[in-house]
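K.L.:
protein.txt is the file, holding compact mmCIF, C-alpha atoms and all ligand atoms:
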```txt
# COMPACT_ATOMS: atom_id res chain seq x y z
CA MET A 1 11.09 -2.25 -20.00
CA HIS A 2 11.60 -5.40 -17.94
CA LEU A 3 8.61 -6.13 -15.71
CA PRO A 4 9.24 -7.99 -12.45
CA THR A 5 7.95 -11.54 -11.97
CA TYR A 6 7.13 -13.76 -9.03
CA GLN A 7 10.84 -14.73 -8.93
CA ASP A 8 11.55 -11.12 -7.89
CA VAL A 9 9.00 -11.44 -5.08
CA ILE A 10 10.74 -14.61 -3.87
CA ALA A 11 14.11 -12.79 -3.90
CA ALA A 12 12.53 -9.88 -1.99
CA ALA A 13 11.13 -12.28 0.61
CA GLN A 14 14.65 -13.65 1.17
CA ARG A 15 16.04 -10.13 1.72
CA LEU A 16 13.20 -9.35 4.14
CA GLU A 17 13.53 -12.52 6.18
CA GLY A 18 14.30 -11.67 9.79
CA VAL A 19 13.93 -7.95 9.03
CA ALA A 20 10.22 -7.42 8.24
CA CYS A 21 7.58 -8.84 10.58
CA LEU A 22 5.76 -11.95 9.48
CA THR A 23 2.47 -10.18 10.19
CA PRO A 24 -0.48 -12.16 11.58
CA VAL A 25 -3.52 -13.33 9.62
CA PHE A 26 -6.61 -12.79 11.76
CA THR A 27 -10.18 -13.99 11.37
CA SER A 28 -13.39 -12.60 12.85
CA ARG A 29 -16.48 -14.69 13.57
CA THR A 30 -18.56 -11.53 13.44
CA LEU A 31 -17.26 -10.65 9.98
CA ASN A 32 -17.76 -14.20 8.74
CA ALA A 33 -21.34 -14.13 10.03
CA GLN A 34 -22.00 -10.73 8.45
CA THR A 35 -20.67 -11.71 5.03
CA GLY A 36 -21.29 -15.45 4.89
CA ALA A 37 -17.68 -15.78 3.71
CA GLU A 38 -14.58 -17.12 5.43
CA VAL A 39 -12.42 -14.02 5.63
CA PHE A 40 -8.66 -13.94 6.23
CA ILE A 41 -7.24 -10.60 7.28
CA LYS A 42 -3.52 -9.95 6.65
CA CYS A 43 -2.50 -7.33 9.18
CA GLU A 44 0.10 -5.05 7.60
CA ASN A 45 -1.01 -2.36 10.04
CA LEU A 46 1.15 -4.41 12.41
CA GLN A 47 4.17 -4.33 10.07
CA ARG A 48 7.27 -2.35 11.13
CA THR A 49 6.55 1.38 10.61
CA GLY A 50 2.81 0.57 10.59
CA SER A 51 2.36 -0.29 6.93
CA PHE A 52 3.51 -2.66 4.17
CA LYS A 53 5.63 0.13 2.67
CA PHE A 54 8.61 -1.06 4.73
CA ARG A 55 8.73 -4.20 2.58
CA GLY A 56 9.30 -2.44 -0.73
CA ALA A 57 11.58 0.16 0.82
CA PHE A 58 13.91 -2.37 2.41
CA ASN A 59 13.93 -4.50 -0.73
CA ALA A 60 14.94 -1.47 -2.82
CA LEU A 61 17.56 -0.01 -0.47
CA SER A 62 19.24 -3.33 0.26
CA GLN A 63 20.13 -3.49 -3.47
CA PHE A 64 21.99 -0.13 -3.48
CA ASP A 65 25.65 -0.27 -4.52
CA ALA A 66 28.43 1.39 -2.49
CA ARG A 67 28.14 4.76 -4.29
CA GLN A 68 24.37 4.88 -3.81
CA ARG A 69 24.68 3.97 -0.13
CA GLU A 70 27.09 6.79 0.45
CA ALA A 71 25.15 9.52 -1.42
CA GLY A 72 21.88 8.46 0.19
CA VAL A 73 18.24 8.04 -0.80
CA VAL A 74 15.54 10.63 -1.48
CA ALA A 75 11.84 9.81 -1.48
CA PHE A 76 8.58 11.72 -1.87
CA SER A 77 5.59 10.39 0.01
CA SER A 78 2.32 11.21 1.75
CA GLY A 79 3.70 9.38 4.74
CA ASN A 80 3.93 5.61 4.88
CA HIS A 81 6.52 5.22 2.12
CA ALA A 82 8.50 7.91 3.92
CA GLN A 83 8.53 5.94 7.15
CA GLY A 84 9.36 2.75 5.31
CA ILE A 85 12.32 4.38 3.55
CA ALA A 86 13.45 6.13 6.72
CA LEU A 87 13.57 2.92 8.76
CA ALA A 88 15.08 0.84 5.97
CA ALA A 89 17.75 3.52 5.45
CA ARG A 90 18.58 3.60 9.15
CA LEU A 91 18.86 -0.19 9.33
CA LEU A 92 21.19 -0.18 6.32
CA GLY A 93 23.19 2.90 7.39
CA ILE A 94 22.07 5.00 4.38
CA PRO A 95 21.27 8.74 4.76
CA ALA A 96 17.65 9.56 3.82
CA THR A 97 15.87 12.76 2.73
CA ILE A 98 12.06 12.66 2.55
CA VAL A 99 9.82 15.12 0.65
CA MET A 100 6.41 15.18 2.38
CA PRO A 101 3.21 17.22 1.93
CA GLY A 102 2.75 19.92 4.56
CA ASP A 103 -0.72 18.52 5.39
CA ALA A 104 0.43 14.93 5.98
CA PRO A 105 -0.75 13.53 9.34
CA ALA A 106 1.46 15.02 12.05
CA ALA A 107 2.16 11.54 13.43
CA LYS A 108 3.60 10.45 10.07
CA VAL A 109 5.90 13.48 9.79
CA ALA A 110 7.08 13.03 13.39
CA ALA A 111 7.69 9.31 12.95
CA THR A 112 9.71 9.92 9.78
CA ARG A 113 11.93 12.41 11.62
CA GLU A 114 12.28 10.02 14.56
CA TYR A 115 13.66 7.37 12.22
CA GLY A 116 16.48 9.79 11.50
CA ALA A 117 15.52 11.11 8.05
CA SER A 118 15.61 14.79 7.04
CA VAL A 119 12.13 15.98 6.03
CA VAL A 120 11.42 18.61 3.32
CA LEU A 121 7.77 19.82 3.32
CA TYR A 122 5.81 20.96 0.21
CA ASP A 123 2.26 22.05 -0.70
CA ARG A 124 0.54 19.07 -2.30
CA PHE A 125 -2.05 21.18 -4.12
CA THR A 126 0.36 23.65 -5.79
CA GLU A 127 3.79 22.01 -5.97
CA ASP A 128 5.00 18.94 -7.86
CA ARG A 129 6.60 16.51 -5.44
CA GLU A 130 8.21 14.45 -8.18
CA GLN A 131 9.96 17.58 -9.44
CA ILE A 132 11.21 18.47 -5.95
CA GLY A 133 12.47 14.94 -5.40
CA ARG A 134 14.21 14.85 -8.76
CA THR A 135 15.94 18.17 -8.14
CA LEU A 136 17.32 16.90 -4.83
CA ALA A 137 18.46 13.71 -6.51
CA ASN A 138 20.24 15.60 -9.31
CA GLU A 139 21.92 18.16 -7.05
CA HIS A 140 23.21 15.73 -4.42
CA GLY A 141 23.62 12.50 -6.36
CA MET A 142 21.00 10.82 -4.22
CA THR A 143 18.99 7.90 -5.56
CA LEU A 144 15.28 8.65 -5.88
CA ILE A 145 13.06 5.77 -4.77
CA PRO A 146 9.44 6.41 -5.81
CA PRO A 147 6.57 5.13 -3.64
CA TYR A 148 5.18 2.62 -6.12
CA ASP A 149 6.53 2.76 -9.69
CA HIS A 150 9.76 0.80 -9.23
CA PRO A 151 10.38 -2.93 -9.79
CA HIS A 152 12.07 -3.41 -6.40
CA ILE A 153 9.26 -1.60 -4.61
CA LEU A 154 6.45 -3.62 -6.13
CA ALA A 155 8.33 -6.91 -5.72
CA GLY A 156 8.79 -6.10 -2.02
CA GLN A 157 5.10 -5.24 -1.58
CA GLY A 158 4.20 -8.59 -3.16
CA THR A 159 5.75 -10.43 -0.22
CA ALA A 160 2.70 -9.66 1.98
CA ALA A 161 0.33 -11.59 -0.32
CA LYS A 162 2.95 -14.35 -0.64
CA GLU A 163 2.88 -14.79 3.14
CA LEU A 164 -0.92 -14.62 3.22
CA LEU A 165 -1.43 -17.23 0.50
CA GLU A 166 1.26 -19.54 1.88
CA PHE A 167 -0.69 -19.46 5.15
CA THR A 168 -4.25 -19.78 3.81
CA GLY A 169 -3.71 -21.80 0.64
CA PRO A 170 -5.65 -20.79 -2.47
CA LEU A 171 -8.40 -18.19 -2.03
CA ASP A 172 -11.53 -17.47 -4.06
CA ALA A 173 -11.13 -13.69 -3.85
CA LEU A 174 -8.59 -11.17 -2.57
CA PHE A 175 -9.18 -7.43 -1.95
CA VAL A 176 -6.28 -4.97 -1.87
CA GLY A 177 -6.20 -1.19 -1.48
CA LEU A 178 -5.00 0.72 -4.54
CA GLY A 179 -3.11 4.00 -4.77
CA GLY A 180 -0.36 3.96 -7.39
CA GLY A 181 -0.49 0.19 -7.60
CA GLY A 182 2.75 -1.01 -5.99
CA MET A 183 0.83 -3.18 -3.56
CA LEU A 184 -1.71 -4.40 -6.11
CA SER A 185 0.81 -5.27 -8.82
CA GLY A 186 3.10 -7.07 -6.35
CA THR A 187 0.08 -8.88 -4.94
CA ALA A 188 -0.89 -9.90 -8.48
CA LEU A 189 2.51 -11.55 -9.02
CA SER A 190 2.13 -13.61 -5.83
CA THR A 191 -1.53 -14.39 -6.44
CA ARG A 192 -1.07 -15.65 -9.99
CA ALA A 193 1.76 -17.93 -8.76
CA LEU A 194 0.13 -19.25 -5.57
CA SER A 195 -3.61 -19.04 -6.23
CA PRO A 196 -4.06 -18.62 -10.00
CA GLU A 197 -7.87 -18.92 -9.99
CA CYS A 198 -8.34 -16.27 -7.27
CA GLN A 199 -10.41 -13.22 -8.22
CA LEU A 200 -8.09 -10.32 -7.43
CA TYR A 201 -9.61 -6.87 -6.86
CA GLY A 202 -7.98 -3.50 -6.36
CA VAL A 203 -10.01 -1.05 -4.28
CA GLU A 204 -9.82 2.73 -4.64
CA PRO A 205 -11.52 5.67 -2.97
CA GLU A 206 -14.39 6.68 -5.29
CA ALA A 207 -13.18 10.31 -5.36
CA GLY A 208 -9.98 9.10 -7.05
CA ASN A 209 -11.07 6.37 -9.46
CA ASP A 210 -8.22 6.88 -11.93
CA GLY A 211 -7.14 3.26 -11.45
CA GLN A 212 -10.58 1.94 -12.34
CA ARG A 213 -10.78 4.17 -15.41
CA SER A 214 -7.26 3.18 -16.47
CA PHE A 215 -8.03 -0.50 -16.01
CA ARG A 216 -11.20 -0.29 -18.05
CA THR A 217 -9.87 1.92 -20.87
CA GLY A 218 -6.39 0.44 -21.18
CA ASN A 219 -4.58 3.79 -20.80
CA ILE A 220 -3.14 5.37 -17.67
CA VAL A 221 -5.64 8.09 -16.64
CA HIS A 222 -4.26 11.13 -14.76
CA ILE A 223 -6.44 13.02 -12.27
CA ASP A 224 -6.03 15.93 -9.82
CA THR A 225 -5.22 15.02 -6.22
CA PRO A 226 -8.51 13.49 -5.05
CA ALA A 227 -10.27 14.71 -1.89
CA THR A 228 -10.63 11.64 0.33
CA ILE A 229 -9.80 10.59 3.89
CA ALA A 230 -7.73 7.76 2.37
CA ASP A 231 -4.53 9.81 2.30
CA GLY A 232 -2.42 6.79 1.33
CA ALA A 233 -4.40 6.49 -1.91
CA GLN A 234 -4.41 10.15 -2.97
CA THR A 235 -2.34 9.28 -6.01
CA GLN A 236 -2.93 10.90 -9.39
CA HIS A 237 -2.09 8.00 -11.69
CA LEU A 238 -0.87 4.41 -11.88
CA GLY A 239 2.75 3.73 -12.85
CA ASN A 240 4.53 2.49 -15.93
CA TYR A 241 5.55 -0.68 -14.09
CA THR A 242 2.42 -1.16 -12.01
CA PHE A 243 -0.22 -0.57 -14.69
CA PRO A 244 0.71 -3.31 -17.20
CA ILE A 245 0.85 -5.92 -14.43
CA ILE A 246 -2.50 -4.75 -13.02
CA ARG A 247 -4.14 -4.65 -16.45
CA GLU A 248 -2.98 -8.15 -17.25
CA GLN A 249 -3.34 -9.94 -13.91
CA VAL A 250 -6.07 -8.21 -11.85
CA ASN A 251 -9.77 -9.05 -12.31
CA ASP A 252 -11.30 -5.64 -11.61
CA ILE A 253 -10.94 -2.36 -9.73
CA LEU A 254 -13.73 -1.40 -7.30
CA THR A 255 -14.40 1.90 -5.53
CA VAL A 256 -15.73 2.76 -2.06
CA SER A 257 -16.86 6.01 -0.41
CA ASP A 258 -15.25 7.73 2.57
CA ALA A 259 -18.35 6.84 4.63
CA GLN A 260 -17.77 3.15 3.85
CA LEU A 261 -14.14 3.52 4.91
CA VAL A 262 -15.17 5.00 8.25
CA ALA A 263 -17.66 2.18 8.85
CA SER A 264 -14.87 -0.35 8.28
CA MET A 265 -12.49 1.60 10.49
CA LYS A 266 -15.08 1.43 13.25
CA PHE A 267 -15.48 -2.32 12.74
CA PHE A 268 -11.72 -2.88 13.09
CA MET A 269 -11.64 -0.76 16.24
CA GLN A 270 -14.73 -2.08 17.97
CA ARG A 271 -14.74 -5.73 16.93
CA MET A 272 -11.08 -6.52 16.35
CA LYS A 273 -9.40 -3.99 18.64
CA MET A 274 -7.22 -2.84 15.77
CA VAL A 275 -6.25 0.68 14.78
CA VAL A 276 -6.47 0.84 10.98
CA GLU A 277 -5.97 4.02 8.98
CA PRO A 278 -8.67 5.01 6.45
CA THR A 279 -6.60 3.78 3.48
CA GLY A 280 -6.08 0.48 5.26
CA CYS A 281 -9.87 -0.03 5.24
CA LEU A 282 -10.29 -0.13 1.45
CA GLY A 283 -10.31 -3.93 1.26
CA LEU A 284 -12.87 -4.49 3.99
CA ALA A 285 -15.10 -1.68 2.70
CA ALA A 286 -15.24 -3.35 -0.73
CA LEU A 287 -16.01 -6.71 0.81
CA TYR A 288 -18.95 -5.18 2.70
CA ALA A 289 -20.09 -3.40 -0.46
CA LEU A 290 -20.32 -6.70 -2.34
CA GLY A 291 -22.68 -8.02 0.33
CA ASP A 292 -24.03 -11.49 -0.39
CA GLN A 293 -21.92 -12.06 -3.48
CA LEU A 294 -19.09 -13.67 -1.51
CA LYS A 295 -21.24 -16.17 0.41
CA GLY A 296 -19.48 -19.47 0.93
CA GLN A 297 -16.17 -18.20 -0.45
CA ARG A 298 -12.71 -18.08 1.08
CA VAL A 299 -11.74 -14.44 0.91
CA GLY A 300 -8.60 -12.48 1.79
CA ILE A 301 -8.11 -8.82 2.54
CA ILE A 302 -4.85 -7.01 3.14
CA VAL A 303 -5.12 -4.37 5.84
CA THR A 304 -2.44 -2.12 4.45
CA GLY A 305 -1.68 0.30 7.28
CA GLY A 306 -2.46 1.62 10.74
CA ASN A 307 -0.89 5.04 10.92
CA VAL A 308 -3.46 7.57 12.07
CA ASP A 309 -3.39 11.07 13.39
CA LEU A 310 -5.08 10.48 16.77
CA GLN A 311 -7.15 13.66 16.59
CA LYS A 312 -8.47 12.87 13.10
CA TYR A 313 -9.05 9.24 14.00
CA ALA A 314 -11.07 10.15 17.09
CA THR A 315 -13.14 12.69 15.14
CA LEU A 316 -13.94 10.27 12.32
CA LEU A 317 -14.96 7.51 14.74
CA SER A 318 -17.07 9.78 16.92
CA GLU A 319 -18.97 11.05 13.87
CA ALA A 320 -19.57 7.55 12.48
CA PRO A 321 -23.20 6.37 12.59
C1 LIG B 1 0.68 3.33 0.00
C2 LIG B 1 -0.53 2.77 0.63
C3 LIG B 1 -1.55 2.18 -0.12
C4 LIG B 1 -1.54 2.15 -1.62
O1 LIG B 1 -0.42 1.46 -2.10
P1 LIG B 1 0.07 1.65 -3.61
O2 LIG B 1 1.25 0.77 -3.72
O3 LIG B 1 0.41 3.10 -3.82
O4 LIG B 1 -1.08 1.26 -4.48
C5 LIG B 1 -2.61 1.61 0.56
N1 LIG B 1 -2.69 1.64 1.91
C6 LIG B 1 -1.74 2.21 2.66
C7 LIG B 1 -1.91 2.22 4.12
C8 LIG B 1 -0.62 2.79 2.06
O5 LIG B 1 0.31 3.36 2.81
```
Translate this structure into structure tokens?

P.N.:
Amino acid sequence: MHLPTYQDVIAAAQRLEGVACLTPVFTSRTLNAQTGAEVFIKCENLQRTGSFKFRGAFNALSQFDARQREAGVVAFSSGNHAQGIALAARLLGIPATIVMPGDAPAAKVAATREYGASVVLYDRFTEDREQIGRTLANEHGMTLIPPYDHPHILAGQGTAAKELLEFTGPLDALFVGLGGGGMLSGTALSTRALSPECQLYGVEPEAGNDGQRSFRTGNIVHIDTPATIADGAQTQHLGNYTFPIIREQVNDILTVSDAQLVASMKFFMQRMKMVVEPTGCLGLAALYALGDQLKGQRVGIIVTGGNVDLQKYATLLSEAP
């Protein structure tokens, strides 16, 4: 198996130029005062489709050959990958079919349909989405693009950290949300090239710490769909492409609770006027959890997404202490 390298991230960045947003890097005096660190916040919640997933999706679809373009793409996703694929497919004139869980946030399902994709719903607790996706691919000749375990996907995701590090210069530490590891493995490729000494951390919801257990044991651990508000990180296992890169190039995997995610969500809303989805709060929640340990350091976090169901968002914020 050929693992992607930083050269693949550079090639992805060239494909994405003028197509993906060069998202802003914000700072917050309040956050710097609270942590004693200098924190740089890469805002992928402001990316097209509201998450970094557009990067990997466009990078993958723009490499389809003529036959693949005609037969179309199929993807399974809890939401953000779906929107990324749907928009990338529309921009490239490729038909898209998306397999989504029936309990995905209504806003994500609606947005996917609005981008012109056909949506097939399934029950995430009883049905196997990979199986459904594969069946569609086999029956209609469509190309299946998985949400994280694909070299073109992870190379595309790595372009966010490339932009961040080109803007900030080397960092002491970088915190990135972890689901199946497309974002973290791509980020690792960029980080090891642009800021080799940086401590790179993946951050998972504590209810689904398969990534942490895999990292520490050296084998990919499979778990049941974890119960967490971080719906973008409800993955059951790391991937065959993402895991070896993570194991080799990441410093550690940390976990945070749902309550810590909500506290960070409230911070983004109140102090920075930014809507960030629970999964997008993993990085900041970990930074808070480390407390004083980052004093005096230059620290980055990638805010991975901002797609919320308004009702759920309002409820979570109103119940936050
Ligand atoms: C997909 C996603 C993640 C996790 O990314 P992986 O590549 O699966 O690790 C984190 N945050 C948001 C908002 C996402 O959509």

K.L.:
If we draw a sphere of 12 Å around (-10.8, 6.3, -11.6), which residues have at least one atom in it when counting all atoms listed in the file? Please report them as an MDAnalysis selection string.

P.N.:
chainID A and resid 178:180 202:217 219:226 233:238 252:256

K.L.:
Could you report the residues within 8 Å of ligand LIG 1 (chain B), using only C-alpha atoms and all ligand atoms, as a ChimeraX atom specification?

P.N.:
/A:45,51-53,79-81,147-148,154,157,176-185,230,232-233,235,277-280,282,303-307

K.L.:
State, in Å with one decimal place, the distance from CA of Thr187 in chain A to CA of Ile145 in chain A.

P.N.:
19.6 Å

K.L.:
Calculated over all atoms listed in the file, which of the candidates A:Gln293, A:Ser118, A:Thr168, A:Asn138 has the smallest distance to Phe40 in chain A?

P.N.:
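That would be A:Thr168, the residue with the smallest distance to Phe40 in chain A.
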
K.L.:
Just give me the gap between CA of Cys43 in chain A and CA of Thr27 in chain A in Å, one decimal is fine.

P.N.:
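We find that CA of Cys43 in chain A and CA of Thr27 in chain A lie 10.4 Å from each other.
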
K.L.:
Please identify all polymer residues within 7 Å of Gly102 in chain A, counting all atoms listed in the file, omitting same-chain residues fewer than 3 positions from it, and present them as a PyMOL selection string.

P.N.:
chain A and resi 121-123

K.L.:
Counting all atoms listed in the file, which residue out of A:Met265, A:Val25, A:Val276, A:Ala60 sits closest to Ile153 in chain A?

P.N.:
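Closest to Ile153 in chain A, using all atoms listed in the file: A:Ala60.
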